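Visitor: My structure is in work_39.txt, and what it holds is compact mmCIF, C-alpha atoms and all ligand atoms:
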# COMPACT_ATOMS: atom_id res chain seq x y z
CA MET A 701 -16.47 -1.24 18.04
CA THR A 702 -17.01 -2.46 21.60
CA GLU A 703 -14.85 -5.24 23.04
CA ASP A 704 -17.52 -7.95 22.76
CA LYS A 705 -17.84 -7.34 19.02
CA LYS A 706 -14.15 -7.94 18.27
CA ASN A 707 -14.77 -11.52 17.14
CA TYR A 708 -16.75 -10.50 14.10
CA GLY A 709 -15.42 -11.45 10.68
CA ASP A 710 -13.64 -8.98 8.39
CA ASN A 711 -16.70 -8.01 6.37
CA THR A 712 -18.80 -7.32 9.46
CA LYS A 713 -15.99 -5.21 10.92
CA LEU A 714 -15.56 -3.25 7.68
CA MET A 715 -19.20 -2.14 7.82
CA HIS A 716 -18.68 -0.54 11.22
CA LEU A 717 -15.18 0.98 11.11
CA GLY A 718 -14.98 4.74 11.61
CA ARG A 719 -18.70 5.41 11.94
CA ASP A 720 -20.60 7.15 14.72
CA PRO A 721 -24.23 7.80 13.71
CA ASP A 722 -25.05 9.16 17.18
CA GLU A 723 -22.90 12.19 16.41
CA TYR A 724 -24.91 12.99 13.27
CA TYR A 725 -28.58 12.53 14.27
CA GLY A 726 -28.41 8.88 13.17
CA VAL A 727 -27.01 9.58 9.71
CA MET A 728 -25.25 6.35 8.76
CA ASN A 729 -22.17 7.80 7.04
CA PRO A 730 -20.15 10.60 8.65
CA PRO A 731 -20.75 13.59 6.35
CA VAL A 732 -18.12 15.49 4.37
CA VAL A 733 -16.68 18.17 6.63
CA ARG A 734 -15.61 21.44 4.99
CA ALA A 735 -13.41 23.22 7.47
CA THR A 736 -10.38 25.32 8.11
CA THR A 737 -11.27 27.22 11.26
CA ILE A 738 -12.45 25.45 14.37
CA GLU A 739 -14.10 27.82 16.87
CA TYR A 740 -13.23 27.90 20.57
CA LYS A 741 -15.91 28.65 23.13
CA ASP A 742 -13.77 30.98 25.29
CA LEU A 743 -10.26 32.29 25.86
CA GLU A 744 -9.45 29.74 28.54
CA THR A 745 -10.22 26.88 26.14
CA TYR A 746 -8.14 28.57 23.45
CA GLU A 747 -5.19 28.88 25.82
CA THR A 748 -5.37 25.46 27.48
CA LYS A 749 -7.00 23.42 24.64
CA LYS A 750 -8.80 21.57 27.43
CA GLY A 751 -11.90 19.78 26.15
CA GLN A 752 -11.09 20.98 22.61
CA LYS A 753 -10.82 17.89 20.38
CA PHE A 754 -9.88 19.79 17.20
CA THR A 755 -7.84 22.98 16.91
CA TYR A 756 -7.31 23.65 13.22
CA ALA A 757 -8.53 21.57 10.30
CA ASN A 758 -5.14 20.80 8.74
CA ILE A 759 -4.23 19.05 12.01
CA GLY A 760 -7.50 17.14 12.16
CA HIS A 761 -11.29 17.44 11.98
CA PRO A 762 -14.22 15.06 12.49
CA LEU A 763 -13.97 13.34 9.09
CA SER A 764 -10.20 12.79 9.17
CA ASP A 765 -10.73 11.46 12.68
CA HIS A 766 -13.29 8.91 11.43
CA PHE A 767 -10.95 7.69 8.69
CA GLU A 768 -7.90 7.57 10.98
CA THR A 769 -9.87 5.69 13.63
CA ALA A 770 -10.97 3.20 10.98
CA MET A 771 -7.42 2.63 9.74
CA ALA A 772 -5.90 2.35 13.23
CA GLU A 773 -8.52 -0.25 14.09
CA LEU A 774 -8.12 -2.13 10.80
CA GLU A 775 -4.32 -2.31 11.14
CA GLY A 776 -4.53 -2.97 14.89
CA GLY A 777 -2.43 0.02 15.93
CA TYR A 778 -2.44 2.92 18.36
CA LYS A 779 -3.41 5.86 16.12
CA ALA A 780 -3.18 6.93 12.48
CA VAL A 781 -2.41 9.99 10.39
CA SER A 782 -4.05 10.57 7.01
CA SER A 783 -2.66 12.49 4.08
CA SER A 784 -3.28 13.87 0.62
CA THR A 785 -1.56 11.03 -1.31
CA GLY A 786 -0.25 7.55 -0.71
CA LEU A 787 3.28 8.85 -1.11
CA ALA A 788 2.89 11.43 1.68
CA PRO A 789 2.91 8.96 4.62
CA ILE A 790 6.02 7.33 3.10
CA THR A 791 7.89 10.65 3.08
CA ALA A 792 6.46 11.66 6.47
CA SER A 793 7.43 8.46 8.24
CA LEU A 794 10.94 8.39 6.74
CA MET A 795 11.46 12.05 7.71
CA ALA A 796 10.02 11.41 11.19
CA PHE A 797 12.42 8.62 12.11
CA LEU A 798 15.60 9.62 10.24
CA LYS A 799 18.10 12.43 10.65
CA ALA A 800 21.37 13.43 8.98
CA GLY A 801 24.04 10.76 9.47
CA ASP A 802 21.57 7.91 9.93
CA HIS A 803 21.68 4.73 7.87
CA LEU A 804 18.48 3.50 6.21
CA LEU A 805 18.00 -0.08 5.03
CA MET A 806 15.57 0.14 2.13
CA CYS A 807 13.99 -2.85 0.41
CA ASP A 808 15.19 -3.14 -3.20
CA SER A 809 11.77 -4.06 -4.63
CA ILE A 810 10.02 -0.93 -3.43
CA TYR A 811 7.49 1.26 -5.16
CA PRO A 812 9.65 3.43 -7.49
CA PRO A 813 8.57 6.85 -6.07
CA THR A 814 9.79 5.69 -2.64
CA ARG A 815 13.19 5.20 -4.26
CA TYR A 816 13.05 8.76 -5.64
CA VAL A 817 12.44 10.02 -2.07
CA CYS A 818 15.56 8.11 -0.98
CA GLU A 819 17.77 9.17 -3.86
CA GLY A 820 16.68 12.83 -3.77
CA LEU A 821 15.25 14.15 -0.55
CA LEU A 822 16.88 11.78 1.94
CA LYS A 823 20.36 11.86 0.41
CA ARG A 824 20.15 15.67 0.19
CA PHE A 825 19.48 15.73 3.94
CA GLY A 826 22.45 13.48 4.69
CA VAL A 827 20.80 10.09 5.14
CA GLU A 828 22.85 7.08 4.01
CA VAL A 829 20.61 4.74 1.98
CA GLU A 830 21.42 1.07 1.44
CA TYR A 831 19.16 -1.22 -0.60
CA TYR A 832 18.69 -4.80 0.57
CA ASP A 833 17.45 -7.96 -1.11
CA ALA A 834 13.74 -8.51 -0.35
CA GLY A 835 14.60 -12.20 0.12
CA LEU A 836 16.56 -11.48 3.31
CA GLY A 837 14.87 -12.56 6.53
CA ALA A 838 16.70 -12.67 9.88
CA ASP A 839 19.97 -12.36 7.93
CA ILE A 840 19.26 -8.66 7.57
CA GLU A 841 21.03 -8.45 10.92
CA LYS A 842 24.35 -8.56 9.05
CA LEU A 843 23.50 -5.27 7.33
CA ILE A 844 22.58 -3.39 10.51
CA LYS A 845 25.22 -0.84 11.50
CA ASP A 846 25.65 1.37 14.57
CA ASN A 847 23.90 4.22 12.78
CA THR A 848 21.05 2.17 11.28
CA ALA A 849 17.86 3.93 12.37
CA VAL A 850 15.19 2.49 10.08
CA ILE A 851 14.49 -0.68 8.12
CA TYR A 852 11.84 -0.03 5.46
CA LEU A 853 9.82 -2.89 4.00
CA GLU A 854 7.23 -3.39 1.29
CA SER A 855 5.67 -6.82 0.93
CA PRO A 856 4.85 -8.07 -1.61
CA GLY A 857 7.17 -5.76 -3.55
CA SER A 858 6.23 -3.59 -6.50
CA ALA A 859 6.34 -5.02 -10.05
CA THR A 860 7.49 -8.56 -9.18
CA PHE A 861 5.82 -9.11 -5.78
CA GLU A 862 8.70 -10.45 -3.66
CA VAL A 863 7.24 -11.56 -0.30
CA GLN A 864 9.32 -10.53 2.71
CA ASP A 865 9.69 -12.45 5.96
CA VAL A 866 8.28 -9.54 7.93
CA PRO A 867 8.13 -11.25 11.36
CA ALA A 868 11.81 -12.29 11.12
CA ILE A 869 12.95 -8.79 10.09
CA ALA A 870 10.81 -7.06 12.75
CA LYS A 871 12.23 -9.35 15.43
CA VAL A 872 15.84 -8.56 14.52
CA ALA A 873 15.05 -4.85 14.27
CA LYS A 874 13.47 -4.82 17.75
CA GLU A 875 16.53 -6.50 19.25
CA LYS A 876 18.75 -3.86 17.65
CA ASN A 877 16.48 -0.90 18.49
CA VAL A 878 15.86 -0.13 14.84
CA ILE A 879 12.49 1.29 13.74
CA THR A 880 10.58 -0.70 11.10
CA ILE A 881 8.25 0.95 8.57
CA ILE A 882 6.24 -1.05 6.04
CA ASP A 883 4.27 -0.11 2.95
CA ASN A 884 1.18 -2.29 3.38
CA THR A 885 -0.73 -0.98 0.36
CA TRP A 886 -0.86 -4.40 -1.32
CA SER A 887 -3.06 -5.90 1.43
CA GLY A 888 -5.36 -2.89 1.81
CA GLY A 889 -4.49 -3.01 5.50
CA LEU A 890 -6.90 -5.94 5.59
CA PHE A 891 -5.14 -9.15 4.58
CA PHE A 892 -1.91 -8.51 6.46
CA LYS A 893 -1.38 -6.98 9.91
CA PRO A 894 2.29 -5.93 10.16
CA LEU A 895 1.90 -4.33 13.60
CA GLU A 896 0.92 -7.73 15.04
CA HIS A 897 4.33 -8.96 13.89
CA GLY A 898 6.21 -6.18 15.68
CA VAL A 899 6.50 -3.58 12.89
CA ASN A 900 6.37 0.02 14.23
CA ILE A 901 4.66 1.90 11.39
CA SER A 902 2.31 0.40 8.80
CA LEU A 903 1.31 2.75 6.00
CA GLY A 904 -0.56 2.58 2.75
CA ALA A 905 -2.12 4.24 -0.24
CA ALA A 906 -5.89 4.33 0.26
CA THR A 907 -5.68 5.34 -3.40
CA LYS A 908 -5.68 1.63 -4.27
CA TYR A 909 -8.18 -0.93 -2.89
CA ILE A 910 -9.54 1.22 -0.08
CA GLY A 911 -10.80 3.95 -2.41
CA GLY A 912 -11.26 1.27 -5.04
CA HIS A 913 -12.78 3.38 -7.81
CA ALA A 914 -9.80 5.19 -9.41
CA ASP A 915 -10.94 8.57 -8.11
CA VAL A 916 -9.04 9.16 -4.88
CA ASN A 917 -5.43 9.94 -3.92
CA LEU A 918 -5.16 9.38 -0.18
CA GLY A 919 -2.71 7.87 2.28
CA TYR A 920 -2.47 6.82 5.89
CA ALA A 921 0.10 5.62 8.39
CA VAL A 922 -0.64 3.77 11.63
CA ALA A 923 1.80 3.81 14.56
CA ASP A 924 2.19 1.01 17.08
CA ASN A 925 2.42 3.19 20.19
CA ALA A 926 1.96 6.71 21.57
CA ALA A 927 5.62 7.74 21.31
CA ASN A 928 5.96 6.72 17.67
CA TYR A 929 2.59 8.27 16.84
CA LYS A 930 3.71 11.58 18.36
CA LYS A 931 6.87 11.66 16.23
CA LEU A 932 4.97 10.74 13.09
CA LYS A 933 2.16 13.24 13.70
CA LYS A 934 4.61 16.08 14.39
CA THR A 935 6.44 15.58 11.07
CA HIS A 936 3.15 15.09 9.27
CA ILE A 937 1.90 18.45 10.59
CA ASP A 938 5.21 20.16 9.78
CA MET A 939 4.98 18.98 6.19
CA GLY A 940 1.38 20.13 5.73
CA MET A 941 0.11 16.82 4.42
CA CYS A 942 -3.57 16.93 5.36
CA PRO A 943 -6.04 15.19 3.03
CA GLY A 944 -9.08 16.58 1.24
CA SER A 945 -12.53 15.95 2.73
CA GLU A 946 -14.07 14.45 -0.39
CA GLU A 947 -11.25 11.90 -0.50
CA LEU A 948 -11.73 10.94 3.15
CA TYR A 949 -15.43 10.42 2.52
CA LEU A 950 -14.83 8.25 -0.55
CA ALA A 951 -12.20 6.17 1.25
CA LEU A 952 -14.56 5.48 4.15
CA ARG A 953 -17.20 4.46 1.63
CA GLY A 954 -14.72 2.25 -0.24
CA LEU A 955 -13.76 0.41 2.94
CA ARG A 956 -17.24 -1.13 3.18
CA THR A 957 -16.88 -3.13 -0.03
CA MET A 958 -13.11 -3.57 -0.06
CA LYS A 959 -13.02 -7.21 0.94
CA ILE A 960 -15.51 -8.46 -1.62
CA ARG A 961 -13.80 -6.43 -4.34
CA MET A 962 -10.36 -7.73 -3.41
CA GLU A 963 -11.57 -11.32 -3.22
CA GLN A 964 -13.18 -11.09 -6.64
CA SER A 965 -10.05 -9.53 -8.17
CA ALA A 966 -7.82 -12.12 -6.49
CA LYS A 967 -9.94 -15.07 -7.69
CA SER A 968 -9.97 -13.74 -11.24
CA ALA A 969 -6.24 -12.89 -11.17
CA LEU A 970 -5.27 -16.42 -10.10
CA GLU A 971 -7.33 -17.94 -12.90
CA ILE A 972 -5.75 -15.56 -15.41
CA ALA A 973 -2.25 -16.16 -13.99
CA LYS A 974 -2.65 -19.92 -14.44
CA TRP A 975 -3.91 -19.44 -17.99
CA LEU A 976 -0.99 -17.12 -18.77
CA GLN A 977 1.43 -19.82 -17.57
CA THR A 978 0.19 -22.04 -20.39
CA ARG A 979 0.92 -19.41 -23.08
CA GLU A 980 4.04 -19.80 -25.18
CA GLU A 981 4.32 -15.98 -25.53
CA VAL A 982 4.97 -15.72 -21.79
CA GLN A 983 8.34 -16.53 -20.21
CA ARG A 984 7.21 -16.09 -16.65
CA VAL A 985 4.19 -15.09 -14.57
CA TYR A 986 4.65 -13.24 -11.26
CA HIS A 987 1.69 -13.72 -8.92
CA VAL A 988 1.83 -14.46 -5.19
CA ALA A 989 -0.90 -17.12 -5.24
CA LEU A 990 1.01 -19.33 -7.71
CA SER A 991 2.67 -22.12 -5.74
CA ASP A 992 6.03 -21.60 -7.49
CA HIS A 993 6.16 -17.86 -6.72
CA PRO A 994 9.19 -16.99 -4.56
CA GLY A 995 7.85 -16.33 -1.06
CA HIS A 996 4.52 -18.05 -1.78
CA GLU A 997 4.82 -20.09 1.44
CA ILE A 998 5.51 -16.94 3.51
CA TRP A 999 2.54 -15.23 1.87
CA LYS A 1000 0.32 -18.19 2.77
CA ARG A 1001 1.63 -18.13 6.34
CA ASP A 1002 1.19 -14.38 6.96
CA PHE A 1003 -1.61 -13.15 4.68
CA THR A 1004 -5.34 -13.96 4.80
CA GLY A 1005 -6.08 -12.98 1.20
CA GLY A 1006 -4.74 -11.86 -2.16
CA ASN A 1007 -5.36 -9.18 -4.75
CA GLY A 1008 -5.61 -8.63 -8.49
CA LEU A 1009 -1.96 -7.84 -9.28
CA LEU A 1010 0.24 -9.97 -11.52
CA SER A 1011 3.07 -9.35 -13.94
CA ILE A 1012 4.13 -11.17 -17.07
CA LEU A 1013 7.55 -11.36 -18.66
CA LEU A 1014 7.14 -11.79 -22.40
CA GLN A 1015 9.56 -13.95 -24.41
CA GLU A 1016 12.74 -12.02 -25.02
CA ASP A 1017 12.80 -12.17 -28.83
CA TYR A 1018 9.73 -9.99 -29.49
CA PRO A 1019 10.67 -6.68 -31.12
CA LYS A 1020 9.31 -3.47 -29.60
CA GLU A 1021 6.73 -3.04 -32.42
CA LYS A 1022 5.15 -6.42 -31.68
CA VAL A 1023 4.98 -5.73 -27.97
CA SER A 1024 3.34 -2.37 -28.71
CA ALA A 1025 0.86 -4.05 -31.07
CA PHE A 1026 -0.04 -6.57 -28.34
CA ILE A 1027 -0.59 -3.87 -25.72
CA ASP A 1028 -2.53 -1.60 -28.05
CA ALA A 1029 -4.78 -4.47 -29.19
CA LEU A 1030 -6.06 -5.02 -25.64
CA GLU A 1031 -9.54 -3.62 -25.19
CA LEU A 1032 -10.13 -4.38 -21.52
CA PHE A 1033 -6.66 -3.48 -20.15
CA PRO A 1034 -6.05 0.22 -20.81
CA ILE A 1035 -2.53 1.47 -20.07
CA GLY A 1036 -2.48 3.29 -16.76
CA SER A 1037 -0.61 3.82 -13.52
CA SER A 1038 -2.13 2.84 -10.22
CA TRP A 1039 -4.25 -0.23 -9.45
CA GLY A 1040 -6.88 -1.42 -6.99
CA GLY A 1041 -9.78 0.23 -8.83
CA TYR A 1042 -12.76 -1.55 -10.37
CA MET A 1043 -11.15 -1.80 -13.79
CA SER A 1044 -8.37 -3.91 -15.24
CA LEU A 1045 -5.21 -2.06 -16.24
CA LEU A 1046 -1.82 -2.68 -17.79
CA GLN A 1047 1.37 -0.85 -16.93
CA PRO A 1048 4.69 -1.58 -18.68
CA GLN A 1049 7.42 -1.85 -16.02
CA THR A 1050 10.19 0.34 -17.37
CA GLU A 1051 12.07 1.11 -14.16
CA MET A 1052 13.56 -2.27 -13.30
CA GLY A 1053 17.06 -0.90 -14.00
CA TYR A 1054 16.87 0.98 -10.70
CA ARG A 1055 17.21 -2.20 -8.68
CA LYS A 1056 20.56 -2.27 -6.89
CA ALA A 1057 20.77 -5.16 -4.40
CA VAL A 1058 19.37 -7.64 -6.94
CA PRO A 1059 20.01 -6.19 -10.42
CA TRP A 1060 17.30 -6.97 -12.94
CA LYS A 1061 18.82 -9.25 -15.58
CA GLU A 1062 15.73 -10.50 -17.40
CA LYS A 1063 15.34 -9.75 -21.08
CA GLY A 1064 11.87 -9.33 -22.48
CA ALA A 1065 9.11 -6.87 -21.68
CA LEU A 1066 7.78 -6.91 -18.12
CA LEU A 1067 4.10 -5.92 -18.00
CA ARG A 1068 2.08 -5.48 -14.83
CA LEU A 1069 -1.61 -6.29 -15.03
CA HIS A 1070 -4.21 -5.28 -12.51
CA VAL A 1071 -7.18 -7.59 -12.75
CA GLY A 1072 -10.36 -5.69 -11.99
CA LEU A 1073 -13.98 -6.71 -11.56
CA GLU A 1074 -14.84 -7.59 -15.17
CA ASP A 1075 -15.91 -11.15 -16.02
CA THR A 1076 -12.83 -13.36 -16.05
CA GLU A 1077 -13.69 -15.08 -19.33
CA ASP A 1078 -13.91 -11.70 -21.08
CA LEU A 1079 -10.47 -10.74 -19.79
CA ILE A 1080 -8.97 -14.04 -20.95
CA ALA A 1081 -10.61 -13.70 -24.38
CA ASP A 1082 -9.21 -10.18 -24.66
CA LEU A 1083 -5.67 -11.31 -23.82
CA ASP A 1084 -6.07 -14.24 -26.21
CA GLN A 1085 -7.01 -12.03 -29.19
CA ALA A 1086 -4.20 -9.55 -28.40
CA PHE A 1087 -1.56 -12.32 -28.19
CA LYS A 1088 -2.19 -12.98 -31.91
CA LYS A 1089 -0.33 -9.69 -32.54
CA LEU A 1090 2.85 -11.33 -31.23
CA ALA A 1091 2.70 -14.15 -33.78
C1 LIG B 1101 0.26 3.80 -5.40
C2 LIG B 1101 1.18 3.45 -4.31
C3 LIG B 1101 1.61 4.43 -3.39
C4 LIG B 1101 1.29 5.89 -3.53
O1 LIG B 1101 -0.04 6.29 -3.67
P1 LIG B 1101 -0.36 7.66 -4.42
O2 LIG B 1101 -1.69 8.08 -3.92
O3 LIG B 1101 -0.36 7.36 -5.88
O4 LIG B 1101 0.70 8.65 -4.03
C5 LIG B 1101 2.43 4.01 -2.38
N1 LIG B 1101 2.84 2.73 -2.26
C6 LIG B 1101 2.45 1.79 -3.12
C7 LIG B 1101 2.93 0.38 -2.93
C8 LIG B 1101 1.63 2.10 -4.17
O5 LIG B 1101 1.28 1.16 -5.05
Please rewrite the model in this file as C-alpha cells.

Guide:
Amino acid sequence: MTEDKKNYGDNTKLMHLGRDPDEYYGVMNPPVVRATTIEYKDLETYETKKGQKFTYANIGHPLSDHFETAMAELEGGYKAVSSSTGLAPITASLMAFLKAGDHLLMCDSIYPPTRYVCEGLLKRFGVEVEYYDAGLGADIEKLIKDNTAVIYLESPGSATFEVQDVPAIAKVAKEKNVITIIDNTWSGGLFFKPLEHGVNISLGAATKYIGGHADVNLGYAVADNAANYKKLKKTHIDMGMCPGSEELYLALRGLRTMKIRMEQSAKSALEIAKWLQTREEVQRVYHVALSDHPGHEIWKRDFTGGNGLLSILLQEDYPKEKVSAFIDALELFPIGSSWGGYMSLLQPQTEMGYRKAVPWKEKGALLRLHVGLEDTEDLIADLDQAFKKLA
C-alpha cells in the first residue's frame, strides 16, 4: 500500500495486503502458483541472478511472495518467511539464532510442541534451555547470562493465557544484545505488533485465525531488519520448510475476513467466560478480557483486540467419568486440537505437568475452549445442558 494510505483502519488494510492485480490482468486475488522450476532467460542471468526475482520455488515464488509481503506489512517488519506449518518458523528461528553452548530463556507457558523442540532438538545440539516465569518483566535481566543468545516469548501463553510484559523484556534484551523471538499466533499478527516494541522476530501459525477455516497448516516469521532476515531465511532454506501453494492461497483469502471473525469470537467468548464464572461447577475461568485475569491490564495496554480462547478449571472433586460425560455431552464443542477456525472446539489440557518455572499445582480438569462463530446463546445452552452430567 502506498504511503498516503497508511492511515486506513485495520479492515481496510486487510483487504489490500499482498495483492497486485496489475500483475495478473486485473484478477483480484493472486492465483495459486504451481511451480518448482523457474526459467532463466539466458546464461548471464543464471550466473549473476541479476533481474531474476525468483530462482527456485522452494526458496520463493510469486504466491509465497504475496503472502510474505502481506505478513511483513501486517506485523510492521522488514521481510517474512513462510513455511509448511506453524511449528516450522518456531524451529527455524530458534535454529537460526542459537548455536551449541548458547543459553536460551524460554517462556514457561509456551505452546507444548515448542517445548518438545527445546527438550529434543535444541538440547541434542548443545543448547542450554532455561524456562522462565511468564510473569517476569524487566526482572528477566537477572536470568540473562554471558552466553544468553535468545529470549523466546509467547503472549498470551498457551492453555492459561499469561500476558507477558513484552516491551519491558524487549528493552532489557536490546540492552544486553540478546535476540528476542515471539510467538504472536494469539493475535493473528493483527491485534499486537511485537516488532513495534523492539522484538526482533515475530512469528505465528497462519493455521489459526489467518486461515480461519480449519483447513490450512501454515506458518510465517517476520524479521525486524535485513541482517536478522538474512539469518532466518538462510536457516529456513537449509531446513526445506517451504509451504504449499494451496495453503498460501487460502491464508491470503482468510486474511480478508480475519478481523471480523476474531471480533465476533472475542465478543462471544467474553460473554461465555462471564457466564462460566457464575457456574458452581467451575473453579476458575482463564480469559484475557476478564478484569481479574493476571496480566489483563498489560493486555489492555498492548493489544487492540481479543480472540475466542478461554479455559476452565472444573471443581477438583469430579471423578474422571463425570468429566468425560460432561465433555461427551457437548454437541457444539467437539474435541479437537488447534483453534481459530469457524467452529467452537474443546481440548482437554493434559500437559500442564511440563511446566517448570511455575509448576502447575491446580487440581481439577483444565479444559480449553475455542469459541467459534456460532450463536452465543446456542453455545451457552449447550454448555448448560452438558453441565447437568456433572451433577
Ligand atoms: C497451533 C500453534 C502453532 C503451530 O501451528 P501448526 O500449524 O499446528 O504447526 C504454533 N504456535 C501456537 C501458539 C499455536 O497455537

Visitor: With 10 Å as the cut-off and all atoms listed in the file counted, what is the closest atom pair between each nearby residue of chain A and ligand LIG 1101 (chain B)? Distances in Å to one decimal, ordered by chain and number, as JSON lines.

Guide:
{"residue": "A:Ser783", "atom": "CA", "partner": "B:LIG1101", "partner_atom": "O2", "distance": 9.2}
{"residue": "A:Ser784", "atom": "CA", "partner": "B:LIG1101", "partner_atom": "O2", "distance": 7.5}
{"residue": "A:Thr785", "atom": "CA", "partner": "B:LIG1101", "partner_atom": "O2", "distance": 3.9}
{"residue": "A:Gly786", "atom": "CA", "partner": "B:LIG1101", "partner_atom": "O1", "distance": 3.2}
{"residue": "A:Leu787", "atom": "CA", "partner": "B:LIG1101", "partner_atom": "O4", "distance": 3.9}
{"residue": "A:Ala788", "atom": "CA", "partner": "B:LIG1101", "partner_atom": "O4", "distance": 6.7}
{"residue": "A:Pro789", "atom": "CA", "partner": "B:LIG1101", "partner_atom": "C5", "distance": 8.6}
{"residue": "A:Ile790", "atom": "CA", "partner": "B:LIG1101", "partner_atom": "C5", "distance": 7.3}
{"residue": "A:Ile810", "atom": "CA", "partner": "B:LIG1101", "partner_atom": "C7", "distance": 7.2}
{"residue": "A:Tyr811", "atom": "CA", "partner": "B:LIG1101", "partner_atom": "C7", "distance": 5.2}
{"residue": "A:Pro812", "atom": "CA", "partner": "B:LIG1101", "partner_atom": "C6", "distance": 8.6}
{"residue": "A:Pro813", "atom": "CA", "partner": "B:LIG1101", "partner_atom": "C5", "distance": 7.7}
{"residue": "A:Thr814", "atom": "CA", "partner": "B:LIG1101", "partner_atom": "C5", "distance": 7.6}
{"residue": "A:Glu854", "atom": "CA", "partner": "B:LIG1101", "partner_atom": "C7", "distance": 7.1}
{"residue": "A:Ser855", "atom": "CA", "partner": "B:LIG1101", "partner_atom": "C7", "distance": 8.6}
{"residue": "A:Pro856", "atom": "CA", "partner": "B:LIG1101", "partner_atom": "C7", "distance": 8.8}
{"residue": "A:Gly857", "atom": "CA", "partner": "B:LIG1101", "partner_atom": "C7", "distance": 7.5}
{"residue": "A:Ser858", "atom": "CA", "partner": "B:LIG1101", "partner_atom": "C7", "distance": 6.3}
{"residue": "A:Ala859", "atom": "CA", "partner": "B:LIG1101", "partner_atom": "O5", "distance": 9.4}
{"residue": "A:Ile882", "atom": "CA", "partner": "B:LIG1101", "partner_atom": "C7", "distance": 9.7}
{"residue": "A:Asp883", "atom": "CA", "partner": "B:LIG1101", "partner_atom": "C7", "distance": 6.1}
{"residue": "A:Asn884", "atom": "CA", "partner": "B:LIG1101", "partner_atom": "C7", "distance": 7.1}
{"residue": "A:Thr885", "atom": "CA", "partner": "B:LIG1101", "partner_atom": "C7", "distance": 5.1}
{"residue": "A:Trp886", "atom": "CA", "partner": "B:LIG1101", "partner_atom": "C7", "distance": 6.3}
{"residue": "A:Ser887", "atom": "CA", "partner": "B:LIG1101", "partner_atom": "C7", "distance": 9.7}
{"residue": "A:Leu903", "atom": "CA", "partner": "B:LIG1101", "partner_atom": "N1", "distance": 8.4}
{"residue": "A:Gly904", "atom": "CA", "partner": "B:LIG1101", "partner_atom": "N1", "distance": 6.1}
{"residue": "A:Ala905", "atom": "CA", "partner": "B:LIG1101", "partner_atom": "O1", "distance": 4.5}
{"residue": "A:Ala906", "atom": "CA", "partner": "B:LIG1101", "partner_atom": "O2", "distance": 7.0}
{"residue": "A:Thr907", "atom": "CA", "partner": "B:LIG1101", "partner_atom": "O2", "distance": 4.9}
{"residue": "A:Lys908", "atom": "CA", "partner": "B:LIG1101", "partner_atom": "C1", "distance": 6.4}
{"residue": "A:Tyr909", "atom": "CA", "partner": "B:LIG1101", "partner_atom": "O5", "distance": 9.9}
{"residue": "A:Val916", "atom": "CA", "partner": "B:LIG1101", "partner_atom": "O2", "distance": 7.5}
{"residue": "A:Asn917", "atom": "CA", "partner": "B:LIG1101", "partner_atom": "O2", "distance": 4.2}
{"residue": "A:Leu918", "atom": "CA", "partner": "B:LIG1101", "partner_atom": "O2", "distance": 5.3}
{"residue": "A:Gly919", "atom": "CA", "partner": "B:LIG1101", "partner_atom": "O2", "distance": 6.3}
{"residue": "A:Tyr920", "atom": "CA", "partner": "B:LIG1101", "partner_atom": "O1", "distance": 9.9}
{"residue": "A:Ser1037", "atom": "CA", "partner": "B:LIG1101", "partner_atom": "C1", "distance": 8.2}
{"residue": "A:Ser1038", "atom": "CA", "partner": "B:LIG1101", "partner_atom": "C1", "distance": 5.5}
{"residue": "A:Trp1039", "atom": "CA", "partner": "B:LIG1101", "partner_atom": "O5", "distance": 7.2}
{"residue": "A:Gly1040", "atom": "CA", "partner": "B:LIG1101", "partner_atom": "O5", "distance": 8.8}

Visitor: So how many Å separate atom CA of A:Ala989 and atom CA of A:Gln864, to one decimal?

Guide: 14.5 Å

Visitor: Quick check, in Å to one decimal: how far apart do atom CA of A:Leu1046 and atom CA of A:Gly911 lie?

Guide: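 A separation of 19.0 Å between them.
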
Visitor: At what distance in Å, to one decimal, does atom CA of A:Gly726 lie from atom CA of A:Leu952?

Guide: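 Separating atom CA of A:Leu952 from atom CA of A:Gly726 is a distance of 16.9 Å.
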
Visitor: Find the residues around A:Pro867 up to 12 Å (only C-alpha atoms counted), leave out those fewer than 5 positions away in its own chain, and share them as a compact mmCIF listing (two decimals) with C-alpha atoms, in the frame of the given file.

Guide:
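File written: result.txt
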# COMPACT_ATOMS: atom_id res chain seq x y z
CA LEU A 836 16.56 -11.48 3.31
CA GLY A 837 14.87 -12.56 6.53
CA ALA A 838 16.70 -12.67 9.88
CA LEU A 853 9.82 -2.89 4.00
CA SER A 855 5.67 -6.82 0.93
CA VAL A 872 15.84 -8.56 14.52
CA ALA A 873 15.05 -4.85 14.27
CA LYS A 874 13.47 -4.82 17.75
CA THR A 880 10.58 -0.70 11.10
CA ILE A 882 6.24 -1.05 6.04
CA PHE A 892 -1.91 -8.51 6.46
CA LYS A 893 -1.38 -6.98 9.91
CA PRO A 894 2.29 -5.93 10.16
CA LEU A 895 1.90 -4.33 13.60
CA GLU A 896 0.92 -7.73 15.04
CA HIS A 897 4.33 -8.96 13.89
CA GLY A 898 6.21 -6.18 15.68
CA VAL A 899 6.50 -3.58 12.89
CA ASN A 900 6.37 0.02 14.23
CA ILE A 998 5.51 -16.94 3.51
CA TRP A 999 2.54 -15.23 1.87
CA ARG A 1001 1.63 -18.13 6.34
CA ASP A 1002 1.19 -14.38 6.96
CA PHE A 1003 -1.61 -13.15 4.68

Visitor: So, counting all atoms listed in the file, which residue among A:Met1052, A:Leu1067, A:Met715, A:Ala914 is closest to A:Ile1035?

Guide: A:Leu1067

Visitor: Env of A:Phe825: 8 Å cut, atoms = all atoms listed in the file, seq-sep filter 2 positions within chain, self excluded. Answer as a list in words.

Guide: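 The residues that qualify are Lys799, Ala800, Leu821, Leu822, Lys823 and Val827 of chain A.
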
Visitor: Might you pull out every residue within 12 Å of A:Ser968, with all atoms listed in the file counted and same-chain residues fewer than 3 positions away left off, and present them as a PyMOL selection string?

Guide: chain A and resi 961-965+971-975+987+989+1006-1010+1044+1069-1080

Visitor: Give me the residues near A:Ala735 as a list in words, where near means some atom within 10 Å (using all atoms listed in the file) and where sequence neighbours in that chain fewer than 4 positions away do not count.

Guide: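 Contacts, with the query itself left out: Tyr756, Ala757, Asn758, Gly760, His761, Pro762 and Ser945 of chain A.
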
Visitor: Please determine, counting all atoms listed in the file, which residue among A:Asp865, A:Ile1027, A:Asp1084, A:Ala927 has the shortest atom-to-atom distance to A:Glu997.

Guide: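 Looking at the shortest contact to A:Glu997, the residue is A:Asp865.
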